[in-house]
Amino acid sequence: MPRHKRIWVHCAHEKMIDVRKLKPNPRNPNTHPRVQVELLARIIREQGWRAPITVSRRSGYIVRGHARLEAAIQLGEKKAPVDFQNYESDEAELADLIADNRLSELAEMDSIALGAILEELEDPEMAGYNADEIAGLLSEMKRRPLIIRKPARMTWGLFCIPTSHFGKIAESVELISQEEQVQIELMVGDEVKSEDRQ
């Protein structure tokens, strides 16, 4: 994929490093299929660098950004933005290497909200979804009924009342509780008393 324009660096980083000097971690269990690297290369080419490659000062290996390195090489970039980080042990470094990918896997995507955003984008593939995936999300949006629930009428108040003044304010609280569905919390000393009045 030849370079056709300058690729801007928008992310914070410590140095621009020659990509030939960057060392992938030999213990990295994550593999990056060709389609992923090509898509990432396209995003970097169009949007610039939004995240640096993280390198451990301890080992000299990449901890985050193996796919970004592959994309940079595919783009023909000579240098990439690098953030150097300290790790107190080999274990801490390996844990961060794994967590970088694992934590994102645990996220749950709202397909309806996602489809709505993709529909707004001029080029939704720049968000990382191919044409078939986008079509499926938009189709699901149209199939799923829109449910609108009328919210219950509720007034909520929190009153922190010194014990010595509780008796004087109780009458006022009683008047407030005449409203429909009022949640009242009375702080008496260190104790919180809650009740629903209708």
# chains A, B, ... in the order shown; residues from 1 in each chain; ligands from 1

$ residues_around --residues "Glu46 (chain A)" --least-positions-apart "5" --cutoff "9 Å" --atoms "only C-alpha atoms" --output "PDB file with N, CA and C atoms, in the first residue's frame"
ATOM      1  N   ILE A   7       1.180  11.355   6.645  1.00  0.00           N
ATOM      2  CA  ILE A   7       0.341  10.820   7.712  1.00  0.00           C
ATOM      3  C   ILE A   7       0.632  11.604   8.984  1.00  0.00           C
ATOM      4  N   ALA A  41      -4.406  -0.113   8.539  1.00  0.00           N
ATOM      5  CA  ALA A  41      -3.536   0.712   7.700  1.00  0.00           C
ATOM      6  C   ALA A  41      -4.343   1.791   6.987  1.00  0.00           C
ATOM      7  N   MET A 126     -14.602   3.004   8.043  1.00  0.00           N
ATOM      8  CA  MET A 126     -13.504   3.601   8.799  1.00  0.00           C
ATOM      9  C   MET A 126     -13.660   3.349  10.297  1.00  0.00           C
TER      10      MET A 126
END

$ residues_around --residues "Pro33 (chain A)" --least-positions-apart "5" --cutoff "12 Å" --atoms "only C-alpha atoms" --output "PyMOL selection string"
chain A and resi 38-40+66-67+70-71

$ select_by_dssp --residues "region 23-132 of chain A" --states "strand (DSSP E)" --output "list in words"
Ile53, Thr54, Val55, Ser56, Ile62, Val63, Arg64, Lys79, Ala80, Pro81, Val82, Asp83, Phe84 and Gln85 of chain A

$ atom_distance --atom1 "CA of Glu140 (chain A)" --atom2 "CA of Arg34 (chain A)"
28.0 Å

$ closest_residue --among "A:Pro24, A:Pro124, A:Gly65, A:Pro52" --to "Pro81 (chain A)" --atoms "only C-alpha atoms"
A:Pro52

$ residues_around --residues "Ala51 (chain A)" --least-positions-apart "3" --cutoff "10 Å" --atoms "only C-alpha atoms" --output "PyMOL selection string"
chain A and resi 9-13+44+48+54+64-65+68+81-83

$ closest_residue --among "A:Arg58, A:Arg42, A:Arg20, A:Lys15" --to "Glu93 (chain A)" --atoms "only C-alpha atoms"
A:Arg58

$ residues_around --residues "Ile134 (chain A)" --least-positions-apart "3" --cutoff "9 Å" --atoms "only C-alpha atoms" --output "list of chain:residue names"
A:Gly115, A:Leu118, A:Glu119, A:Pro124, A:Glu125, A:Tyr129, A:Asn130, A:Ala131, A:Leu137, A:Leu138, A:Ser139

$ residues_around --residues "Leu69 (chain A)" --least-positions-apart "3" --cutoff "8 Å" --atoms "only C-alpha atoms" --output "list in words"
Val19, Ile53, Gly65, His66, Ala72, Ile73 and Ala80 of chain A

$ write_last_selection --atoms "C-alpha atoms" --output "PDB file, in the first residue's frame"
ATOM      1  CA  VAL A  19       9.929   0.903  12.495  1.00  0.00           C
ATOM      2  CA  ILE A  53       2.969   1.990  19.891  1.00  0.00           C
ATOM      3  CA  GLY A  65       0.483  -1.843  19.135  1.00  0.00           C
ATOM      4  CA  HIS A  66       1.734  -4.930  17.304  1.00  0.00           C
ATOM      5  CA  ALA A  72       2.880   1.141   9.460  1.00  0.00           C
ATOM      6  CA  ILE A  73       5.156  -1.258   7.573  1.00  0.00           C
ATOM      7  CA  ALA A  80       6.038   5.424  14.079  1.00  0.00           C
TER       8      ALA A  80
END

$ residues_around --residues "region 99-102 of chain A" --least-positions-apart "3" --cutoff "10 Å" --atoms "only C-alpha atoms" --output "list in words"
Asn30, Val63, Arg64, Gly65, Glu93, Leu94, Ala95, Asp96, Glu105, Leu106 and Ala107 of chain A

$ write_last_selection --atoms "C-alpha atoms" --output "PDB file, in the first residue's frame"
ATOM      1  CA  ASN A  30      -2.482 -12.212  19.670  1.00  0.00           C
ATOM      2  CA  VAL A  63       3.581  -4.199  24.696  1.00  0.00           C
ATOM      3  CA  ARG A  64       0.716  -2.519  22.824  1.00  0.00           C
ATOM      4  CA  GLY A  65       0.483  -1.843  19.135  1.00  0.00           C
ATOM      5  CA  GLU A  93       4.674  -6.334  31.507  1.00  0.00           C
ATOM      6  CA  LEU A  94       3.096  -9.598  30.349  1.00  0.00           C
ATOM      7  CA  ALA A  95      -0.118  -8.832  32.236  1.00  0.00           C
ATOM      8  CA  ASP A  96      -0.402  -5.478  30.453  1.00  0.00           C
ATOM      9  CA  GLU A 105     -13.167  -8.189  24.500  1.00  0.00           C
ATOM     10  CA  LEU A 106     -15.252  -7.857  27.679  1.00  0.00           C
ATOM     11  CA  ALA A 107     -17.135  -4.802  26.412  1.00  0.00           C
TER      12      ALA A 107
END

$ closest_residue --among "A:Ala116, A:Ile43, A:Val37, A:Val55" --to "Lys21 (chain A)" --atoms "only C-alpha atoms"
A:Val55

$ atom_distance --atom1 "CA of Gly60 (chain A)" --atom2 "CA of Met16 (chain A)"
15.1 Å

$ residues_around --residues "Asp18 (chain A)" --least-positions-apart "4" --cutoff "8 Å" --atoms "only C-alpha atoms" --output "count of residues only"
4
